[in-house]
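Participant: Have a look at the structure that comes next, please.
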Amino acid sequence: MRPLPCWRHFLPRQSGYEGPVPKTLEELTDNHPMVLFRKEHLARYLQALVTKPYDGKMVGYLDMVGKIHTAKAGSVELVVPLVQMNALLGFVSDALTSTILGLGLDRQTEVQTLRAFNKLLWLQNDLINRHYQEAHAPAAAVWSNGNRKSAAPVR
């Protein structure tokens, strides 16, 4: 199978990983130790979504999930573009939906659970996107001496 362009984001070493690093996309397989390491991180994230209490600590964790995929808190070499973060969140949404639908819950509980996780993922989306905003400020905004100025006069 030919590597996809988004796979290039899996080539740099992830923090905490100490095994072999592939030098080319062709060396990167689903079973490469570094890919398995990242899959373990994703599994822990999914587990946290369904097992941890939703308190201030969890909100901080969800915020850090967005931040570590940028140069602000993660590796400068391992910056994941927002489009790929959105695709990942789509995968997470589908995985949660599939799991919930497969639990055999009564209809009311199933609907409430799906709605709750849908809201959670919208919050996660916001906490991811906020770390990408500064890098992609609107072209109309002009910064001067640390103050934001509108391209159109304010009246």
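Residue names in the structure tokens use chain letters A, B, ... in the order shown, residue numbers from 1 in each chain, and ligand numbers from 1 in the order shown.
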Hey, what does DSSP flag as strand (DSSP E) within chain A? Can you give it to me as a list of chain:residue names?
Facilitator: A:Val142, A:Trp143, A:Ser144, A:Asn147, A:Arg148, A:Lys149
Participant: Would you output that residue set with N, CA, C and O atoms, as a PDB file, in the first residue's frame?
Facilitator:
ATOM      1  N   VAL A 142      -4.824  43.387  12.102  1.00  0.00           N
ATOM      2  CA  VAL A 142      -3.466  43.919  12.052  1.00  0.00           C
ATOM      3  C   VAL A 142      -2.998  44.114  13.489  1.00  0.00           C
ATOM      4  O   VAL A 142      -3.696  44.713  14.301  1.00  0.00           O
ATOM      5  N   TRP A 143      -1.815  43.616  13.785  1.00  0.00           N
ATOM      6  CA  TRP A 143      -1.280  43.737  15.142  1.00  0.00           C
ATOM      7  C   TRP A 143      -0.218  44.827  15.144  1.00  0.00           C
ATOM      8  O   TRP A 143       0.684  44.830  14.331  1.00  0.00           O
ATOM      9  N   SER A 144      -0.340  45.735  16.072  1.00  0.00           N
ATOM     10  CA  SER A 144       0.625  46.808  16.195  1.00  0.00           C
ATOM     11  C   SER A 144       0.876  47.073  17.668  1.00  0.00           C
ATOM     12  O   SER A 144      -0.054  47.343  18.421  1.00  0.00           O
ATOM     13  N   ASN A 147      -1.391  45.456  20.165  1.00  0.00           N
ATOM     14  CA  ASN A 147      -2.825  45.763  20.149  1.00  0.00           C
ATOM     15  C   ASN A 147      -3.415  45.324  18.829  1.00  0.00           C
ATOM     16  O   ASN A 147      -2.828  45.526  17.775  1.00  0.00           O
ATOM     17  N   ARG A 148      -4.591  44.740  18.895  1.00  0.00           N
ATOM     18  CA  ARG A 148      -5.277  44.323  17.683  1.00  0.00           C
ATOM     19  C   ARG A 148      -6.049  45.503  17.118  1.00  0.00           C
ATOM     20  O   ARG A 148      -6.768  46.176  17.827  1.00  0.00           O
ATOM     21  N   LYS A 149      -5.876  45.699  15.826  1.00  0.00           N
ATOM     22  CA  LYS A 149      -6.604  46.764  15.146  1.00  0.00           C
ATOM     23  C   LYS A 149      -7.425  46.149  14.043  1.00  0.00           C
ATOM     24  O   LYS A 149      -6.971  45.269  13.330  1.00  0.00           O
TER      25      LYS A 149
END
Participant: Quick one: of A:Lys39, A:His32, A:Arg115, A:Arg130, who's nearest to Lys67 (chain A), counting only C-alpha atoms?
Facilitator: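 Of A:Lys39, A:His32, A:Arg115, A:Arg130, the one nearest Lys67 (chain A) is A:Arg130, counting only C-alpha atoms.
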Participant: Could you pull the residues within 10 Å of Leu121 (chain A), counting only C-alpha atoms, minus those fewer than 2 positions along the same chain, as a PDB file with N, CA, C and O atoms, in the first residue's frame?
Facilitator:
ATOM      1  N   LEU A  49     -11.803   9.288  28.179  1.00  0.00           N
ATOM      2  CA  LEU A  49     -13.086   9.893  27.828  1.00  0.00           C
ATOM      3  C   LEU A  49     -14.262   9.189  28.498  1.00  0.00           C
ATOM      4  O   LEU A  49     -15.269   9.818  28.819  1.00  0.00           O
ATOM      5  N   LEU A  62      -8.095  17.594  28.495  1.00  0.00           N
ATOM      6  CA  LEU A  62      -8.656  17.762  27.157  1.00  0.00           C
ATOM      7  C   LEU A  62      -8.022  18.949  26.436  1.00  0.00           C
ATOM      8  O   LEU A  62      -7.783  18.900  25.227  1.00  0.00           O
ATOM      9  N   LEU A  89     -10.518  13.566  15.279  1.00  0.00           N
ATOM     10  CA  LEU A  89     -11.716  13.738  16.096  1.00  0.00           C
ATOM     11  C   LEU A  89     -12.926  13.067  15.435  1.00  0.00           C
ATOM     12  O   LEU A  89     -13.786  12.513  16.124  1.00  0.00           O
ATOM     13  N   GLY A  90     -12.973  13.074  14.119  1.00  0.00           N
ATOM     14  CA  GLY A  90     -14.026  12.340  13.406  1.00  0.00           C
ATOM     15  C   GLY A  90     -13.929  10.854  13.675  1.00  0.00           C
ATOM     16  O   GLY A  90     -14.940  10.169  13.892  1.00  0.00           O
ATOM     17  N   VAL A  92     -12.562   9.490  16.376  1.00  0.00           N
ATOM     18  CA  VAL A  92     -12.949   9.307  17.778  1.00  0.00           C
ATOM     19  C   VAL A  92     -14.474   9.323  17.903  1.00  0.00           C
ATOM     20  O   VAL A  92     -15.063   8.478  18.591  1.00  0.00           O
ATOM     21  N   SER A  93     -15.112  10.263  17.228  1.00  0.00           N
ATOM     22  CA  SER A  93     -16.572  10.354  17.262  1.00  0.00           C
ATOM     23  C   SER A  93     -17.206   9.072  16.742  1.00  0.00           C
ATOM     24  O   SER A  93     -18.135   8.520  17.354  1.00  0.00           O
ATOM     25  N   LEU A  96     -16.659   6.167  19.295  1.00  0.00           N
ATOM     26  CA  LEU A  96     -17.557   6.281  20.449  1.00  0.00           C
ATOM     27  C   LEU A  96     -18.999   5.941  20.063  1.00  0.00           C
ATOM     28  O   LEU A  96     -19.685   5.211  20.785  1.00  0.00           O
ATOM     29  N   ARG A 115     -25.922  11.812  22.865  1.00  0.00           N
ATOM     30  CA  ARG A 115     -25.985  13.274  22.919  1.00  0.00           C
ATOM     31  C   ARG A 115     -24.910  13.833  23.852  1.00  0.00           C
ATOM     32  O   ARG A 115     -24.277  14.844  23.552  1.00  0.00           O
ATOM     33  N   ALA A 116     -24.686  13.181  24.979  1.00  0.00           N
ATOM     34  CA  ALA A 116     -23.670  13.643  25.932  1.00  0.00           C
ATOM     35  C   ALA A 116     -22.280  13.581  25.311  1.00  0.00           C
ATOM     36  O   ALA A 116     -21.497  14.537  25.416  1.00  0.00           O
ATOM     37  N   PHE A 117     -21.952  12.468  24.655  1.00  0.00           N
ATOM     38  CA  PHE A 117     -20.626  12.366  24.044  1.00  0.00           C
ATOM     39  C   PHE A 117     -20.481  13.290  22.836  1.00  0.00           C
ATOM     40  O   PHE A 117     -19.398  13.800  22.572  1.00  0.00           O
ATOM     41  N   ASN A 118     -21.566  13.542  22.128  1.00  0.00           N
ATOM     42  CA  ASN A 118     -21.519  14.503  21.027  1.00  0.00           C
ATOM     43  C   ASN A 118     -21.151  15.887  21.554  1.00  0.00           C
ATOM     44  O   ASN A 118     -20.299  16.580  20.986  1.00  0.00           O
ATOM     45  N   LYS A 119     -21.769  16.284  22.665  1.00  0.00           N
ATOM     46  CA  LYS A 119     -21.447  17.582  23.279  1.00  0.00           C
ATOM     47  C   LYS A 119     -20.004  17.610  23.749  1.00  0.00           C
ATOM     48  O   LYS A 119     -19.295  18.611  23.567  1.00  0.00           O
ATOM     49  N   LEU A 123     -16.848  20.140  22.619  1.00  0.00           N
ATOM     50  CA  LEU A 123     -15.947  20.847  23.552  1.00  0.00           C
ATOM     51  C   LEU A 123     -14.493  20.503  23.254  1.00  0.00           C
ATOM     52  O   LEU A 123     -13.625  21.378  23.239  1.00  0.00           O
ATOM     53  N   GLN A 124     -14.216  19.220  23.003  1.00  0.00           N
ATOM     54  CA  GLN A 124     -12.856  18.812  22.668  1.00  0.00           C
ATOM     55  C   GLN A 124     -12.404  19.512  21.396  1.00  0.00           C
ATOM     56  O   GLN A 124     -11.268  19.981  21.305  1.00  0.00           O
ATOM     57  N   ASN A 125     -13.289  19.609  20.419  1.00  0.00           N
ATOM     58  CA  ASN A 125     -12.973  20.292  19.166  1.00  0.00           C
ATOM     59  C   ASN A 125     -12.571  21.741  19.428  1.00  0.00           C
ATOM     60  O   ASN A 125     -11.585  22.242  18.870  1.00  0.00           O
ATOM     61  N   ASP A 126     -13.324  22.415  20.284  1.00  0.00           N
ATOM     62  CA  ASP A 126     -13.002  23.804  20.623  1.00  0.00           C
ATOM     63  C   ASP A 126     -11.651  23.895  21.327  1.00  0.00           C
ATOM     64  O   ASP A 126     -10.849  24.787  21.036  1.00  0.00           O
ATOM     65  N   LEU A 127     -11.384  22.969  22.238  1.00  0.00           N
ATOM     66  CA  LEU A 127     -10.116  22.992  22.968  1.00  0.00           C
ATOM     67  C   LEU A 127      -8.930  22.653  22.070  1.00  0.00           C
ATOM     68  O   LEU A 127      -7.810  23.058  22.347  1.00  0.00           O
TER      69      LEU A 127
END
Participant: Would you write out, as JSON lines, a table of all residues in region 39-135 of chain A that have an atom no more than 12 Å from an atom of region 5-24 of chain A, listing for each the closest atom pair and the distance in Å to one decimal, considering only C-alpha atoms and ordering rows by chain and rising residue number?
Facilitator:
{"residue": "A:Lys39", "atom": "CA", "partner": "A:Phe10", "partner_atom": "CA", "distance": 11.3}
{"residue": "A:Glu40", "atom": "CA", "partner": "A:Tyr17", "partner_atom": "CA", "distance": 11.2}
{"residue": "A:His41", "atom": "CA", "partner": "A:Gln14", "partner_atom": "CA", "distance": 10.5}
{"residue": "A:Ile68", "atom": "CA", "partner": "A:Ser15", "partner_atom": "CA", "distance": 9.9}
{"residue": "A:His69", "atom": "CA", "partner": "A:His9", "partner_atom": "CA", "distance": 10.3}
{"residue": "A:Thr70", "atom": "CA", "partner": "A:His9", "partner_atom": "CA", "distance": 11.7}
{"residue": "A:Ala73", "atom": "CA", "partner": "A:Ser15", "partner_atom": "CA", "distance": 10.8}
{"residue": "A:Gly74", "atom": "CA", "partner": "A:Ser15", "partner_atom": "CA", "distance": 7.8}
{"residue": "A:Ser75", "atom": "CA", "partner": "A:Ser15", "partner_atom": "CA", "distance": 7.3}
{"residue": "A:Val76", "atom": "CA", "partner": "A:Pro12", "partner_atom": "CA", "distance": 9.8}
{"residue": "A:Glu77", "atom": "CA", "partner": "A:Pro12", "partner_atom": "CA", "distance": 6.4}
{"residue": "A:Leu78", "atom": "CA", "partner": "A:Pro12", "partner_atom": "CA", "distance": 6.0}
{"residue": "A:Val79", "atom": "CA", "partner": "A:His9", "partner_atom": "CA", "distance": 7.4}
{"residue": "A:Val80", "atom": "CA", "partner": "A:His9", "partner_atom": "CA", "distance": 6.4}
{"residue": "A:Pro81", "atom": "CA", "partner": "A:His9", "partner_atom": "CA", "distance": 8.7}
{"residue": "A:Leu82", "atom": "CA", "partner": "A:Cys6", "partner_atom": "CA", "distance": 11.5}
{"residue": "A:Val83", "atom": "CA", "partner": "A:Cys6", "partner_atom": "CA", "distance": 9.7}
{"residue": "A:Gln84", "atom": "CA", "partner": "A:Cys6", "partner_atom": "CA", "distance": 7.3}
{"residue": "A:Met85", "atom": "CA", "partner": "A:Cys6", "partner_atom": "CA", "distance": 10.7}
{"residue": "A:Ala87", "atom": "CA", "partner": "A:Cys6", "partner_atom": "CA", "distance": 10.4}
{"residue": "A:Leu88", "atom": "CA", "partner": "A:Cys6", "partner_atom": "CA", "distance": 11.3}
Participant: Considering only C-alpha atoms, can you say which of A:Val50, A:Leu105, A:Met58, A:Leu42 comes closest to Phe91 (chain A)?
Facilitator: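 Among A:Val50, A:Leu105, A:Met58, A:Leu42, it is A:Leu42 that comes nearest to Phe91 (chain A).
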Participant: Mind pulling up the distance from CA of Val65 (chain A) to CA of Tyr132 (chain A)?
Facilitator: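 Computing it gives 12.4 Å between the two atoms.
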Participant: Using backbone DSSP assignments, extract all helix (DSSP H, G or I) residues from region 7-142 of chain A; output them as a ChimeraX atom specification.
Facilitator: /A:7-10,25-27,33-51,56-67,82-101,107-136
Participant: Figure out the distance between CA of Trp122 (chain A) and CA of Leu36 (chain A), please, to one decimal in Å.
Facilitator: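 These atoms are spaced 27.1 Å apart.
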Participant: CA of Arg44 (chain A) and CA of Asp94 (chain A), how far apart in Å?
Facilitator: 16.6 Å
Participant: Using only C-alpha atoms, which residue out of A:Ala95, A:Leu25, A:Met34, A:His131 lies closest to Gln47 (chain A)?
Facilitator: A:Ala95
Participant: Name the closest residue to Asn86 (chain A) among the candidates A:Gly66, A:Val59, A:Pro33, A:Leu114; distances are taken between atoms, counting only C-alpha atoms.
Facilitator: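 Going through A:Gly66, A:Val59, A:Pro33, A:Leu114 one by one, the smallest distance to Asn86 (chain A) is for A:Gly66.
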